[in-house]
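Peer 1: This is the content of start38.cif (mmCIF, C-alpha atoms):
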data_input
#
loop_
_atom_site.group_PDB
_atom_site.id
_atom_site.type_symbol
_atom_site.label_atom_id
_atom_site.label_comp_id
_atom_site.auth_asym_id
_atom_site.auth_seq_id
_atom_site.Cartn_x
_atom_site.Cartn_y
_atom_site.Cartn_z
ATOM 1 C CA MET A 1 -187.602 96.365 45.205
ATOM 2 C CA THR A 2 -189.698 98.830 47.153
ATOM 3 C CA GLU A 3 -191.596 98.563 50.401
ATOM 4 C CA ARG A 4 -194.592 96.975 48.646
ATOM 5 C CA LEU A 5 -193.367 95.975 45.195
ATOM 6 C CA VAL A 6 -190.889 93.722 43.428
ATOM 7 C CA LEU A 7 -189.414 95.130 40.218
ATOM 8 C CA ARG A 8 -187.556 92.692 37.996
ATOM 9 C CA PRO A 9 -186.521 92.323 34.366
ATOM 10 C CA PHE A 10 -189.158 90.903 32.067
ATOM 11 C CA VAL A 11 -188.821 87.256 31.078
ATOM 12 C CA GLU A 12 -190.457 85.315 28.284
ATOM 13 C CA ALA A 13 -193.100 83.953 30.678
ATOM 14 C CA ASP A 14 -194.404 87.528 31.159
ATOM 15 C CA ARG A 15 -195.458 87.835 27.505
ATOM 16 C CA GLN A 16 -199.185 87.181 28.069
ATOM 17 C CA ALA A 17 -199.340 89.459 31.106
ATOM 18 C CA VAL A 18 -197.864 92.274 29.028
ATOM 19 C CA VAL A 19 -200.392 91.655 26.251
ATOM 20 C CA ASP A 20 -203.219 91.709 28.793
ATOM 21 C CA ILE A 21 -202.031 94.993 30.330
ATOM 22 C CA GLN A 22 -200.984 96.791 27.159
ATOM 23 C CA THR A 23 -204.118 95.945 25.154
ATOM 24 C CA ASP A 24 -206.684 96.535 27.905
ATOM 25 C CA PRO A 25 -208.915 99.397 26.683
ATOM 26 C CA ARG A 26 -208.956 100.852 30.206
ATOM 27 C CA THR A 27 -205.175 101.259 30.224
ATOM 28 C CA ASN A 28 -205.359 102.978 26.843
ATOM 29 C CA ARG A 29 -208.129 105.477 27.401
ATOM 30 C CA PHE A 30 -205.736 108.380 26.649
ATOM 31 C CA ASN A 31 -203.955 106.623 23.785
ATOM 32 C CA PRO A 32 -205.245 107.714 20.351
ATOM 33 C CA ASP A 33 -203.748 104.585 18.745
ATOM 34 C CA PRO A 34 -204.048 101.708 21.257
ATOM 35 C CA PRO A 35 -201.780 98.741 20.645
ATOM 36 C CA ASP A 36 -203.146 95.471 19.333
ATOM 37 C CA VAL A 37 -201.855 92.019 20.250
ATOM 38 C CA ALA A 38 -199.434 91.740 17.308
ATOM 39 C CA GLY A 39 -197.973 95.187 17.999
ATOM 40 C CA THR A 40 -197.664 94.440 21.696
ATOM 41 C CA LEU A 41 -195.780 91.223 20.986
ATOM 42 C CA LEU A 42 -193.297 93.171 18.846
ATOM 43 C CA VAL A 43 -192.912 95.793 21.580
ATOM 44 C CA PHE A 44 -192.323 93.074 24.167
ATOM 45 C CA ASP A 45 -189.599 91.601 21.929
ATOM 46 C CA SER A 46 -187.990 95.056 21.762
ATOM 47 C CA TRP A 47 -188.053 95.281 25.572
ATOM 48 C CA LEU A 48 -186.210 91.958 25.849
ATOM 49 C CA ALA A 49 -183.716 93.059 23.161
ATOM 50 C CA HIS A 50 -183.090 96.336 25.019
ATOM 51 C CA TRP A 51 -182.202 94.382 28.155
ATOM 52 C CA ALA A 52 -179.822 92.191 26.158
ATOM 53 C CA GLU A 53 -178.100 95.220 24.620
ATOM 54 C CA PHE A 54 -177.960 97.673 27.542
ATOM 55 C CA GLY A 55 -178.374 95.579 30.702
ATOM 56 C CA TYR A 56 -181.411 97.577 31.862
ATOM 57 C CA GLY A 57 -184.856 98.460 30.589
ATOM 58 C CA TYR A 58 -188.511 98.141 31.406
ATOM 59 C CA LEU A 59 -189.365 96.080 34.468
ATOM 60 C CA ALA A 60 -192.169 93.762 35.476
ATOM 61 C CA VAL A 61 -193.877 94.866 38.698
ATOM 62 C CA ARG A 62 -195.568 92.565 41.164
ATOM 63 C CA GLU A 63 -196.739 92.930 44.744
ATOM 64 C CA ARG A 64 -194.279 91.857 47.421
ATOM 65 C CA GLY A 65 -195.406 88.714 49.148
ATOM 66 C CA SER A 66 -197.594 87.594 46.274
ATOM 67 C CA PRO A 67 -196.695 84.164 45.000
ATOM 68 C CA GLU A 68 -194.640 84.228 41.812
ATOM 69 C CA VAL A 69 -196.361 82.182 39.136
ATOM 70 C CA PRO A 70 -194.691 80.739 36.046
ATOM 71 C CA ASP A 71 -197.078 82.302 33.496
ATOM 72 C CA GLY A 72 -196.513 85.897 34.672
ATOM 73 C CA ALA A 73 -200.095 86.294 35.901
ATOM 74 C CA ASP A 74 -198.684 87.837 39.097
ATOM 75 C CA VAL A 75 -197.388 90.817 37.076
ATOM 76 C CA ILE A 76 -199.513 93.858 37.938
ATOM 77 C CA GLY A 77 -197.698 96.338 35.742
ATOM 78 C CA MET A 78 -194.528 97.669 34.245
ATOM 79 C CA THR A 79 -192.165 100.570 34.702
ATOM 80 C CA GLY A 80 -188.561 101.408 33.979
ATOM 81 C CA VAL A 81 -186.405 103.277 31.509
ATOM 82 C CA ARG A 82 -184.953 102.585 28.127
ATOM 83 C CA VAL A 83 -182.852 104.536 25.657
ATOM 84 C CA ARG A 84 -184.758 106.870 23.366
ATOM 85 C CA ASP A 85 -183.781 109.562 20.905
ATOM 86 C CA PHE A 86 -185.773 112.712 21.603
ATOM 87 C CA HIS A 87 -185.203 115.615 19.232
ATOM 88 C CA GLY A 88 -181.649 114.425 18.604
ATOM 89 C CA GLU A 89 -180.792 113.909 22.269
ATOM 90 C CA LYS A 90 -180.171 110.543 23.931
ATOM 91 C CA VAL A 91 -182.552 110.263 26.892
ATOM 92 C CA LEU A 92 -183.951 107.541 29.115
ATOM 93 C CA ASN A 93 -187.651 107.160 28.438
ATOM 94 C CA LEU A 94 -189.576 106.514 31.646
ATOM 95 C CA ALA A 95 -192.745 104.504 31.201
ATOM 96 C CA TYR A 96 -195.299 102.763 33.334
ATOM 97 C CA ARG A 97 -198.623 101.004 32.953
ATOM 98 C CA PHE A 98 -200.588 98.950 35.464
ATOM 99 C CA ARG A 99 -203.566 96.636 35.452
ATOM 100 C CA PRO A 100 -206.728 98.516 36.458
ATOM 101 C CA SER A 101 -206.941 96.256 39.537
ATOM 102 C CA ALA A 102 -203.710 97.917 40.751
ATOM 103 C CA TRP A 103 -204.919 101.498 40.265
ATOM 104 C CA GLY A 104 -205.499 103.818 43.203
ATOM 105 C CA LYS A 105 -202.898 102.188 45.464
ATOM 106 C CA GLY A 106 -199.958 104.492 44.755
ATOM 107 C CA TYR A 107 -198.085 101.751 42.915
ATOM 108 C CA ALA A 108 -197.328 103.904 39.858
ATOM 109 C CA GLU A 109 -195.584 106.546 41.938
ATOM 110 C CA GLU A 110 -193.774 103.983 44.100
ATOM 111 C CA ALA A 111 -192.514 101.883 41.198
ATOM 112 C CA THR A 112 -191.546 104.774 38.938
ATOM 113 C CA ARG A 113 -189.777 106.573 41.784
ATOM 114 C CA ALA A 114 -187.606 103.484 42.298
ATOM 115 C CA ALA A 115 -186.917 103.252 38.544
ATOM 116 C CA VAL A 116 -185.952 106.939 38.310
ATOM 117 C CA GLU A 117 -183.692 106.770 41.360
ATOM 118 C CA TRP A 118 -181.949 103.722 39.889
ATOM 119 C CA ALA A 119 -181.538 105.407 36.480
ATOM 120 C CA GLU A 120 -180.157 108.620 37.926
ATOM 121 C CA ARG A 121 -177.644 106.646 39.977
ATOM 122 C CA GLU A 122 -176.614 103.979 37.442
ATOM 123 C CA VAL A 123 -176.941 105.811 34.100
ATOM 124 C CA ALA A 124 -175.883 109.214 35.388
ATOM 125 C CA GLY A 125 -175.590 111.952 32.822
ATOM 126 C CA VAL A 126 -178.423 110.692 30.632
ATOM 127 C CA PRO A 127 -181.587 112.652 31.422
ATOM 128 C CA VAL A 128 -184.796 110.826 32.318
ATOM 129 C CA LEU A 129 -187.766 111.958 30.269
ATOM 130 C CA ILE A 130 -191.443 111.081 30.444
ATOM 131 C CA SER A 131 -194.095 112.005 27.896
ATOM 132 C CA VAL A 132 -197.718 112.256 28.996
ATOM 133 C CA ALA A 133 -200.860 113.086 27.027
ATOM 134 C CA VAL A 134 -202.308 116.373 28.281
ATOM 135 C CA ALA A 135 -205.677 114.657 28.802
ATOM 136 C CA ASN A 136 -204.140 112.029 31.111
ATOM 137 C CA LYS A 137 -204.648 113.829 34.426
ATOM 138 C CA PRO A 138 -203.806 110.799 36.622
ATOM 139 C CA SER A 139 -200.386 110.414 34.977
ATOM 140 C CA LEU A 140 -199.751 114.150 35.145
ATOM 141 C CA ARG A 141 -200.277 113.945 38.926
ATOM 142 C CA VAL A 142 -197.783 111.066 39.195
ATOM 143 C CA VAL A 143 -195.209 113.015 37.179
ATOM 144 C CA GLU A 144 -195.648 116.037 39.447
ATOM 145 C CA LYS A 145 -195.208 113.921 42.598
ATOM 146 C CA LEU A 146 -191.979 112.522 41.147
ATOM 147 C CA GLY A 147 -190.525 116.018 40.811
ATOM 148 C CA PHE A 148 -190.468 116.205 37.018
ATOM 149 C CA ARG A 149 -190.816 119.588 35.337
ATOM 150 C CA GLU A 150 -192.494 120.281 32.012
ATOM 151 C CA TYR A 151 -190.147 121.496 29.328
ATOM 152 C CA VAL A 152 -192.062 121.145 26.061
ATOM 153 C CA GLU A 153 -195.617 120.544 24.886
ATOM 154 C CA GLU A 154 -196.273 119.197 21.392
ATOM 155 C CA ASP A 155 -198.199 116.679 19.377
ATOM 156 C CA TYR A 156 -196.626 113.299 20.109
ATOM 157 C CA GLU A 157 -197.852 109.964 18.763
ATOM 158 C CA GLY A 158 -201.211 111.468 17.874
ATOM 159 C CA ALA A 159 -201.974 113.305 21.117
ATOM 160 C CA LEU A 160 -201.149 116.696 22.543
ATOM 161 C CA SER A 161 -198.490 115.738 25.080
ATOM 162 C CA ARG A 162 -196.238 117.275 27.670
ATOM 163 C CA HIS A 163 -192.660 116.110 27.966
ATOM 164 C CA PHE A 164 -191.087 116.298 31.398
ATOM 165 C CA ARG A 165 -187.610 115.802 32.790
ATOM 166 C CA ARG A 166 -185.995 116.049 36.202
#
Would you encode the structure as structure tokens?
Peer 2:
Amino acid sequence: MTERLVLRPFVEADRQAVVDIQTDPRTNRFNPDPPDVAGTLLVFDSWLAHWAEFGYGYLAVRERGSPEVPDGADVIGMTGVRVRDFHGEKVLNLAYRFRPSAWGKGYAEEATRAAVEWAEREVAGVPVLISVAVANKPSLRVVEKLGFREYVEEDYEGALSRHFRR
């Protein structure tokens, strides 16, 4: 939880909210291969499986004080970390994505800061990494505010990307 946000594990009821967020063309404007519904459903299943295996993972984000609804429509975004192999090293992949209606409010920085602080405290010794397309200037600003430093630039998932760690 943060001052303005509730972060919680995803549950099955959040499935449609995740599809809506992940497949929205506005949230994918820097993604050379945007996810479709079928791919997003598989990814969501992998998020739930990660939680079952490791006890942490990507989190649903909603505004504090907003009523929680059973179909997940109150979910404004996602953030969190999950295990990833990066060039042979075990890292925690930091990710976030928010509905366009939540943009411009500082939620990405607030939510990801809480996720990183949790990861560094609870999964100490495993570095947190975030990969951002070079063209994605808004995300690059968030990464900078979080204190991440660039350590490699390469083609990643079809886009020239910078990989950062703290």
Peer 1: Taking into account all atoms listed in the file, which residue in the set A:Arg4, A:His87, A:Arg62, A:Arg26 is nearest to Glu154 (chain A)?
Peer 2: A:His87
Peer 1: Any chance you could resolve the PyMOL selection byres ((chain A and resi 20-23) around 8) against this file and give the residues as a list in words?
Peer 2: Gln16, Ala17, Val18, Val19, Asp24, Pro25, Thr27, Asn28, Pro34, Pro35, Asp36, Val37, Thr40, Gly77, Arg97, Phe98 and Arg99 of chain A
Peer 1: Once the PyMOL selection byres ((chain A and resi 15) around 12) has been evaluated on this model, what residues remain selected, and can you format them as a PyMOL selection string?
Peer 2: chain A and resi 10-14+16-22+37-38+40-48+60+70-73+75+78
Peer 1: Taking the file as I've supplied it (selection: the PyMOL selection byres ((chain A and resi 159) around 10)), which residues are included? Please answer as an MDAnalysis selection string.
Peer 2: chainID A and resid 30:33 132:135 154:158 160:162
Peer 1: Taking all atoms listed in the file into account, which of A:Val116, A:Ala108, A:Met1, A:Leu146 comes nearest Val128 (chain A)?
Peer 2: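 Answer, going by the shortest atom-to-atom distance: A:Val116.
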Peer 1: Rounded to one decimal in Å, what is the spacing between CA of Phe164 (chain A) and CA of Lys105 (chain A)?
Peer 2: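 Answer for the CA of Phe164 (chain A) to CA of Lys105 (chain A) separation: 23.2 Å.
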Peer 1: Between A:Val61, A:Val126, A:Leu7, A:Val143, which residue has the minimum interatomic distance to Asp85 (chain A), considering only C-alpha atoms?
Peer 2: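 When distances to Asp85 (chain A) are compared using only C-alpha atoms, the smallest one comes from A:Val126.
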Peer 1: Skipping near chain neighbours, those fewer than 4 positions away, what residues fall within 9 Å of Thr2 (chain A) using only C-alpha atoms, listed as number ranges by chain?
Peer 2: A: 6-7, 64, 110-111, 114
Peer 1: Those selected residues, please, written with C-alpha atoms and delivered as a PDB file, keeping the file's coordinate frame.
Peer 2:
ATOM      1  CA  VAL A   6    -190.889  93.722  43.428  1.00  0.00           C
ATOM      2  CA  LEU A   7    -189.414  95.130  40.218  1.00  0.00           C
ATOM      3  CA  ARG A  64    -194.279  91.857  47.421  1.00  0.00           C
ATOM      4  CA  GLU A 110    -193.774 103.983  44.100  1.00  0.00           C
ATOM      5  CA  ALA A 111    -192.514 101.883  41.198  1.00  0.00           C
ATOM      6  CA  ALA A 114    -187.606 103.484  42.298  1.00  0.00           C
TER       7      ALA A 114
END
Peer 1: Tell me, in Å to one decimal, how far CA of Val123 (chain A) is from CA of Phe148 (chain A).
Peer 2: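 Atom-to-atom, CA of Val123 (chain A) and CA of Phe148 (chain A) are spaced 17.3 Å apart.
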Peer 1: With all atoms listed in the file as the atoms that count, which of A:Leu5, A:Tyr56, A:Ala119, A:Lys137 lies nearest to Ile76 (chain A)?
Peer 2: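 Checking each candidate against Ile76 (chain A), we get A:Leu5 as the closest.
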Peer 1: Between CA of Ala115 (chain A) and CA of Tyr58 (chain A), what is the distance in Å, rounded to a tenth?
Peer 2: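 CA of Ala115 (chain A) sits 8.9 Å away from CA of Tyr58 (chain A).
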